[in-house]
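Please read the structure below before turning to the comments.
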Amino acid sequence: MTSPRARLRKVPVLPIVLVVGASLIIFVVMNPWLIFTATTPTGGDMGAHVFGPAYLRDNLLSEGRILGWSNDWFAGFPAFYFYFPLPSLVIVAFDLVLPYGVAFKLVTVLGLLALPPAIYFHTRAMKLNRDIALIAAGAGVVFAFLESFSIYGGNVASTLAGEFSYSWSFALSLVYLGLLMKAVRDDRRYAKWAALALALTALSHVLTTIVVIFASLFVLAWKKGFWRTLVVWLWGFAIAAFWALPLLARIGLTSDMAWTPLNRWEEIFPVELWLLLPIAIPGAIWALRKTSRAAPMIGATLLPVIYYPLPTVLPDLFPNMFSGAGWKLWNGRLLPYWYFGVAFFAAIGFGAAVVWMSRRLPSQISKLWASLVLGVAFAVAAGLIADSSEFPPWAWGVAAAVGIGVVAASLLAPAMVNTRNFLTTTAVAIVVLGAAAGVTFIDGWSRWNYEGYEAKESWPEYQSLMVELDRLPDGRVMWENNSGLNKYGTPMSPMLIPYWTEGSQKSMEGLYFESSLTTPFHFINHSEMSFKSSNPIPGLKYHVFDMERGLKHMDVYGVDYYVSFTPEAAEKALGIDEFELVTTTEPFQVFRLPETQLVEAATHLPAVYEVPDRSLLKSLTRSGSVMGRDGEPLPSFHEMALEWYEDVDEMDRWVVADGPAEWPRIESIQERPDTEIDVPENPVSNIVLEDHRISFTTEAVGVPHVVKISYFPNWKATGADGPWRAAPSLMVVVPTDNEVVIEFQDTWAESSGQILTIVGLVGLLVGGFVAWRRTTSQIRSSESVGS
């Protein structure tokens, strides 16, 4: 039987020290003393992401849901259908024992801290030796600190901008590829863990999953590769199916932000890669000659380069087939794998050179040289950190103690040390410290984010606005868009109105832009209600600072309040009779808008436009268009809704996507009928809006009613026919009873996904139990033979 001391000697001390040390360098630069303060993080999208996990904790999980509905943004949106639940679930778990702000901040950095160990594991799974894997792990720091590209994903800058889910998924994708290679080449028992890693990758980000599925294709040609990879794919999909199946079923209901594809070669070859490429190319060739297990990562590295020009080149070459605006897979989101691959294979090339050198030097080196180099390395590291970070005094004490301990340990070591270990340690230090030396703005950005809303100089102004809004009757709030809001932590800071008011007030703008059909129409509204609007979606017809027009759109979406930020917006609102000033808290002015209802009866007979929006696949091309009576392709329902929304004087003549047979069918906006409906005065009462339910009483049974909640197929009506989608993005029902209830319910996609997830997890547990029994049996057999 192996003694505890013998087992301790087998612990890989050097890999643990170097890999953990690489992660700690990333952690230190991100101001950990601020991460552990219980403030609310801010900065870029991160300052709005705060809402998501809190809503999951307070509203969804309490009802036994992970996917559900929220009325807090965009007149309602499907929560976590089109965004990634895993990091938010971990935040909620951490929040059980930590303050919410600390739990949130920790999760934002964990994906970055996991990079070095994930790279080390992947490189070892490639069957490259320990020393090369350790130097490759240092490339994780190089990649994390790259600043030429800021917010495409995976690095520190993009994480601070709010892409922390991408960082999680990126690290998990490396683990998945390593486990897949081991499952195919080493032991099929790794398949279950590869499936779990693939599921966790997908539950953190879908774009990274696309890249590693492509990289997995290189494994299919290996012996036993096809069937084992197929099992891993199916098993991984089953585990994630509770989220993945509804995503696939509803993907056509996402809003297209019409991102413009990147087309500059400087994006492919930023300055920071110039010095790495001459080492990366021979490093990749050497690795591929050494082992075919390098092929998946080479594939993941080259895919972004192959895909990069397609969204701009193909529409020019084939204008009748491809539409540039329809490419939802933005090429910038794939580039992190190219940047990482260059750093990774450059580190492998460097590592191979270090191993070659170590084999040609004496196997031992004196402790004097080791101590000298370690002391110099510590001094350089301290200087770099001092130059890039503002350490509090206690942190300097810890750093000094660690440095003295390292040098002392080398002096107390045996008279000679292993040359290979020494060179590897030195090489990792060069890679990691060289990356840290290039840091410029990351430290300041992390301080801005992690000191939190509460530490900002303008916090009292922001807090006062939230207090004043919370005192008002519940309603929807449209706030003026302006870059000057960044002084509160992020220009998106008002998105947290529902967070600070505990849901009593709803913000018309939220973060998950693609999640709601209302998003494009909201940005039209924002343009009309703002002095200087951002107008982020190309191609929309914006009417900047046209508040009279905006008021009509506010009624369409049942908006109750308007918050001005600039003096120009406040002055204009004060000059319009329909705006009623209800409170002032500088620099904000809060206005009550004309009375509106969330449910209203129709005054005109609706017209049905039965052309659906294109699915994700069809949106990549012009295939699948519905042809009109004249043989020409008809616009999608979304395009028709935009045309309807432009005509603010005829908004009582609704256009819907479906309805009873007696409603007229049209193919153009000009064909709408002008048929009035006799409706009692104020027929709708007792409107109650809840998280997953809206109910009302009506005296106009049989008359169409618009429900000012964003449309989604999961809404089911009792006491009414419908709901059907209505322009611009809302719902219409025809009551068959005075009491109407509309509820957000699971469909076949949610139910089937949940069943598949249970099956996948049970399979994982059974597989783990069988492996544990087999391992236990083998240990007992070996111990009995030894005795």
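Each chain in the structure tokens gets a letter, A, B and so on, in the order shown; residues start at 1 in every chain, and ligands are counted from 1 in the order they appear.
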Non-local contacts of A:Leu134 (12 Å; only C-alpha atoms; under 2 positions in same chain excluded) as a PyMOL selection string: chain A and resi 12+14-22+116-124+128-132+136-141+344+347-348+350-352+354-355+421+423-429+431-432
Could you take the residues named above and write them with C-alpha atoms, as an mmCIF file, in the first residue's frame?
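Now in out24.cif:
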```
data_model
loop_
_atom_site.group_PDB
_atom_site.id
_atom_site.type_symbol
_atom_site.label_atom_id
_atom_site.label_comp_id
_atom_site.auth_asym_id
_atom_site.auth_seq_id
_atom_site.Cartn_x
_atom_site.Cartn_y
_atom_site.Cartn_z
ATOM 1 C CA PRO A 12 2.998 17.556 -9.564
ATOM 2 C CA LEU A 14 5.895 22.460 -10.405
ATOM 3 C CA PRO A 15 2.854 22.349 -12.737
ATOM 4 C CA ILE A 16 0.570 23.408 -9.890
ATOM 5 C CA VAL A 17 2.829 26.311 -8.900
ATOM 6 C CA LEU A 18 3.338 27.604 -12.445
ATOM 7 C CA VAL A 19 -0.247 27.161 -13.679
ATOM 8 C CA VAL A 20 -1.766 28.655 -10.530
ATOM 9 C CA GLY A 21 0.834 31.422 -10.664
ATOM 10 C CA ALA A 22 -0.195 32.282 -14.234
ATOM 11 C CA PRO A 116 -4.066 28.581 -17.889
ATOM 12 C CA PRO A 117 -5.242 25.267 -16.322
ATOM 13 C CA ALA A 118 -7.553 24.613 -19.291
ATOM 14 C CA ILE A 119 -4.691 25.186 -21.726
ATOM 15 C CA TYR A 120 -2.357 22.972 -19.693
ATOM 16 C CA PHE A 121 -4.928 20.171 -19.696
ATOM 17 C CA HIS A 122 -5.567 20.528 -23.424
ATOM 18 C CA THR A 123 -1.865 20.486 -24.266
ATOM 19 C CA ARG A 124 -1.287 17.382 -22.146
ATOM 20 C CA LEU A 128 2.895 16.986 -25.613
ATOM 21 C CA ASN A 129 5.253 16.856 -22.640
ATOM 22 C CA ARG A 130 4.815 18.639 -19.346
ATOM 23 C CA ASP A 131 7.313 21.410 -20.016
ATOM 24 C CA ILE A 132 5.720 22.434 -23.311
ATOM 25 C CA ALA A 136 1.611 26.880 -23.369
ATOM 26 C CA ALA A 137 -0.377 27.619 -20.201
ATOM 27 C CA GLY A 138 1.546 30.878 -19.985
ATOM 28 C CA ALA A 139 0.085 31.728 -23.400
ATOM 29 C CA GLY A 140 -3.247 32.016 -21.611
ATOM 30 C CA VAL A 141 -1.912 35.144 -19.930
ATOM 31 C CA PHE A 344 -0.859 29.045 -28.206
ATOM 32 C CA ALA A 347 4.183 29.140 -26.943
ATOM 33 C CA ILE A 348 4.422 25.538 -28.176
ATOM 34 C CA PHE A 350 8.992 28.355 -27.763
ATOM 35 C CA GLY A 351 8.473 25.374 -25.473
ATOM 36 C CA ALA A 352 9.890 22.968 -28.028
ATOM 37 C CA VAL A 354 13.355 25.195 -24.477
ATOM 38 C CA VAL A 355 13.112 21.392 -24.305
ATOM 39 C CA ASN A 421 12.750 22.484 -14.513
ATOM 40 C CA LEU A 423 14.526 26.474 -17.907
ATOM 41 C CA THR A 424 10.822 25.698 -17.988
ATOM 42 C CA THR A 425 10.162 27.936 -14.994
ATOM 43 C CA THR A 426 12.219 30.710 -16.553
ATOM 44 C CA ALA A 427 10.400 30.339 -19.874
ATOM 45 C CA VAL A 428 6.978 30.534 -18.196
ATOM 46 C CA ALA A 429 8.127 33.609 -16.286
ATOM 47 C CA VAL A 431 5.958 34.537 -21.254
ATOM 48 C CA VAL A 432 3.770 35.601 -18.317
#
```
Within 9 Å of A:Ala240 using only C-alpha atoms, minus same-chain residues under 5 positions, as a PyMOL selection string: chain A and resi 196+198-200+202-203+235+245+753-754+756-757+760
Atoms kept (N, CA and C atoms) for selection, written as a PDB file, in the first residue's frame:
```pdb
ATOM      1  N   LEU A 196     -20.194  16.179 -20.897  1.00  0.00           N
ATOM      2  CA  LEU A 196     -20.513  17.183 -19.883  1.00  0.00           C
ATOM      3  C   LEU A 196     -19.816  18.507 -20.200  1.00  0.00           C
ATOM      4  N   LEU A 198     -18.887  19.588 -23.122  1.00  0.00           N
ATOM      5  CA  LEU A 198     -19.536  20.188 -24.284  1.00  0.00           C
ATOM      6  C   LEU A 198     -20.833  20.876 -23.879  1.00  0.00           C
ATOM      7  N   ALA A 199     -21.614  20.228 -23.009  1.00  0.00           N
ATOM      8  CA  ALA A 199     -22.862  20.833 -22.533  1.00  0.00           C
ATOM      9  C   ALA A 199     -22.592  22.131 -21.788  1.00  0.00           C
ATOM     10  N   LEU A 200     -21.588  22.134 -20.908  1.00  0.00           N
ATOM     11  CA  LEU A 200     -21.260  23.343 -20.150  1.00  0.00           C
ATOM     12  C   LEU A 200     -20.740  24.441 -21.066  1.00  0.00           C
ATOM     13  N   ALA A 202     -21.708  24.905 -24.189  1.00  0.00           N
ATOM     14  CA  ALA A 202     -22.887  25.451 -24.866  1.00  0.00           C
ATOM     15  C   ALA A 202     -23.721  26.310 -23.923  1.00  0.00           C
ATOM     16  N   LEU A 203     -23.838  25.891 -22.660  1.00  0.00           N
ATOM     17  CA  LEU A 203     -24.640  26.633 -21.691  1.00  0.00           C
ATOM     18  C   LEU A 203     -23.973  27.941 -21.277  1.00  0.00           C
ATOM     19  N   TRP A 235     -24.860  13.090 -26.474  1.00  0.00           N
ATOM     20  CA  TRP A 235     -24.941  13.105 -25.017  1.00  0.00           C
ATOM     21  C   TRP A 235     -24.820  14.533 -24.483  1.00  0.00           C
ATOM     22  N   LEU A 245     -32.697  23.044 -26.794  1.00  0.00           N
ATOM     23  CA  LEU A 245     -33.832  22.733 -27.667  1.00  0.00           C
ATOM     24  C   LEU A 245     -34.780  23.921 -27.810  1.00  0.00           C
ATOM     25  N   GLY A 753     -37.006  19.175 -23.990  1.00  0.00           N
ATOM     26  CA  GLY A 753     -35.651  19.504 -23.562  1.00  0.00           C
ATOM     27  C   GLY A 753     -35.383  19.075 -22.132  1.00  0.00           C
ATOM     28  N   GLN A 754     -36.352  19.288 -21.253  1.00  0.00           N
ATOM     29  CA  GLN A 754     -36.187  18.882 -19.854  1.00  0.00           C
ATOM     30  C   GLN A 754     -36.051  17.379 -19.716  1.00  0.00           C
ATOM     31  N   LEU A 756     -34.913  15.291 -22.031  1.00  0.00           N
ATOM     32  CA  LEU A 756     -33.594  14.917 -22.553  1.00  0.00           C
ATOM     33  C   LEU A 756     -32.490  15.226 -21.542  1.00  0.00           C
ATOM     34  N   THR A 757     -32.593  16.364 -20.870  1.00  0.00           N
ATOM     35  CA  THR A 757     -31.583  16.714 -19.866  1.00  0.00           C
ATOM     36  C   THR A 757     -31.579  15.708 -18.727  1.00  0.00           C
ATOM     37  N   GLY A 760     -29.908  12.617 -20.000  1.00  0.00           N
ATOM     38  CA  GLY A 760     -28.463  12.820 -20.117  1.00  0.00           C
ATOM     39  C   GLY A 760     -27.761  12.821 -18.781  1.00  0.00           C
TER      40      GLY A 760
END
```
Polymer residues at most 9 Å from stretch 731-734 of chain A, only C-alpha atoms, same-chain spacing of 6 or more positions, as a PyMOL selection string: chain A and resi 656+659+701-712+717+719-725
Stretch 401-506 of chain A: residues DSSP assigns to helix (DSSP H, G or I), reported as a PyMOL selection string: chain A and resi 401-412+419-437+442-451+453-455+459-471+483-488+493-500
Per-residue DSSP, stretch 614-768 of chain A, filtered to strand (DSSP E), as a PyMOL selection string: chain A and resi 655-656+684-690+693-698+705-707+715-718+720-726+730-735+739-744
Surrounding residues of A:Ala657 excluding itself and chain neighbours under 3 positions, 9 Å, only C-alpha atoms, as a ChimeraX atom specification: /A:607-612,637,724-727
Restricted to N, CA, C and O atoms, what would the selected residues look like written as an mmCIF file, in the first residue's frame?
```cif
data_model
loop_
_atom_site.group_PDB
_atom_site.id
_atom_site.type_symbol
_atom_site.label_atom_id
_atom_site.label_comp_id
_atom_site.auth_asym_id
_atom_site.auth_seq_id
_atom_site.Cartn_x
_atom_site.Cartn_y
_atom_site.Cartn_z
ATOM 1 N N ALA A 607 -56.116 43.671 -40.175
ATOM 2 C CA ALA A 607 -55.780 43.014 -41.439
ATOM 3 C C ALA A 607 -54.694 41.986 -41.182
ATOM 4 O O ALA A 607 -53.767 42.232 -40.390
ATOM 5 N N VAL A 608 -54.804 40.851 -41.834
ATOM 6 C CA VAL A 608 -53.871 39.750 -41.612
ATOM 7 C C VAL A 608 -52.824 39.729 -42.722
ATOM 8 O O VAL A 608 -53.172 39.677 -43.919
ATOM 9 N N TYR A 609 -51.555 39.776 -42.318
ATOM 10 C CA TYR A 609 -50.435 39.638 -43.249
ATOM 11 C C TYR A 609 -49.736 38.335 -42.877
ATOM 12 O O TYR A 609 -49.021 38.262 -41.881
ATOM 13 N N GLU A 610 -49.945 37.295 -43.676
ATOM 14 C CA GLU A 610 -49.575 35.939 -43.282
ATOM 15 C C GLU A 610 -48.174 35.526 -43.729
ATOM 16 O O GLU A 610 -47.916 34.355 -43.956
ATOM 17 N N VAL A 611 -47.262 36.460 -43.842
ATOM 18 C CA VAL A 611 -45.896 36.129 -44.254
ATOM 19 C C VAL A 611 -45.021 36.036 -43.013
ATOM 20 O O VAL A 611 -44.836 37.035 -42.306
ATOM 21 N N PRO A 612 -44.476 34.857 -42.694
ATOM 22 C CA PRO A 612 -43.668 34.731 -41.470
ATOM 23 C C PRO A 612 -42.291 35.356 -41.639
ATOM 24 O O PRO A 612 -41.839 35.607 -42.759
ATOM 25 N N PHE A 637 -42.823 39.642 -42.065
ATOM 26 C CA PHE A 637 -43.764 40.340 -41.190
ATOM 27 C C PHE A 637 -43.058 41.469 -40.449
ATOM 28 O O PHE A 637 -43.643 42.537 -40.243
ATOM 29 N N TRP A 724 -52.263 36.124 -31.260
ATOM 30 C CA TRP A 724 -51.529 36.193 -32.502
ATOM 31 C C TRP A 724 -50.597 37.401 -32.450
ATOM 32 O O TRP A 724 -50.837 38.358 -31.731
ATOM 33 N N ARG A 725 -49.565 37.317 -33.239
ATOM 34 C CA ARG A 725 -48.621 38.431 -33.282
ATOM 35 C C ARG A 725 -49.249 39.620 -33.985
ATOM 36 O O ARG A 725 -49.878 39.476 -35.037
ATOM 37 N N ALA A 726 -49.066 40.795 -33.399
ATOM 38 C CA ALA A 726 -49.589 42.035 -33.975
ATOM 39 C C ALA A 726 -48.454 43.023 -34.157
ATOM 40 O O ALA A 726 -47.526 43.083 -33.343
ATOM 41 N N ALA A 727 -48.526 43.812 -35.229
ATOM 42 C CA ALA A 727 -47.529 44.869 -35.419
ATOM 43 C C ALA A 727 -47.655 45.888 -34.273
ATOM 44 O O ALA A 727 -48.753 46.193 -33.833
#
```
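Reported to one decimal place, the separation of atom CA of A:Pro261 from atom CA of A:Pro538 is 12.1 Å.
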For A:Trp73, the nearest of the candidates A:Asp674, A:Asp691, A:Asp737, A:Glu662, counting only C-alpha atoms: A:Asp691
Shortest interatomic distance to A:Gly236 - which of A:Ile742, A:Leu581, A:Ala195, A:Met495, counting only C-alpha atoms: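 Checking each candidate against A:Gly236, we get A:Ala195 as the closest.
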Residue nearest A:Ser515 among A:Ile213, A:Val759, A:Leu329, A:Ala79 (counting only C-alpha atoms):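 Counting only C-alpha atoms, the residue closest to A:Ser515 is A:Ala79.
For the choices A:Ser464, A:Thr518, A:Thr583, A:Asn31, the atom-to-atom distance to A:Gly76 is smallest for A:Thr518 when using only C-alpha atoms.
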Selection near A:Tyr542, 8 Å with only C-alpha atoms, sequence-local residues under 3 positions removed, as a ChimeraX atom specification: /A:524,527-528,535
Which residue of A:Thr312, A:Ser729, A:Thr159, A:Ser695 approaches A:Met640 most closely, using only C-alpha atoms: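 Under the stated criterion, the closest residue is A:Ser729.
Taking atom CA of A:Ala183 and atom CA of A:Ile758 as endpoints, the distance between them is 22.7 Å.
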Minimum-distance residue to A:Glu454, chosen among A:Gly101, A:Gly52, A:Pro633, A:Gly349 (using only C-alpha atoms):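 Ranking A:Gly101, A:Gly52, A:Pro633, A:Gly349 by distance to A:Glu454, first place goes to A:Gly101.
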Spatial neighbours of A:Leu34, max dist 7 Å, only C-alpha atoms, sep filter under 3 positions, as a short mmCIF file (atom, residue, chain, number, x, y, z; two decimals) with C-alpha atoms, in the first residue's frame:
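Produced file selection.cif, reproduced below:
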```cif
data_model
loop_
_atom_site.label_atom_id
_atom_site.label_comp_id
_atom_site.auth_asym_id
_atom_site.auth_seq_id
_atom_site.Cartn_x
_atom_site.Cartn_y
_atom_site.Cartn_z
CA ASN A 31 -7.80 44.32 -8.66
CA THR A 37 -16.00 44.47 -1.82
CA TYR A 450 -15.26 46.53 -9.63
CA GLU A 451 -15.37 49.58 -7.39
#
```
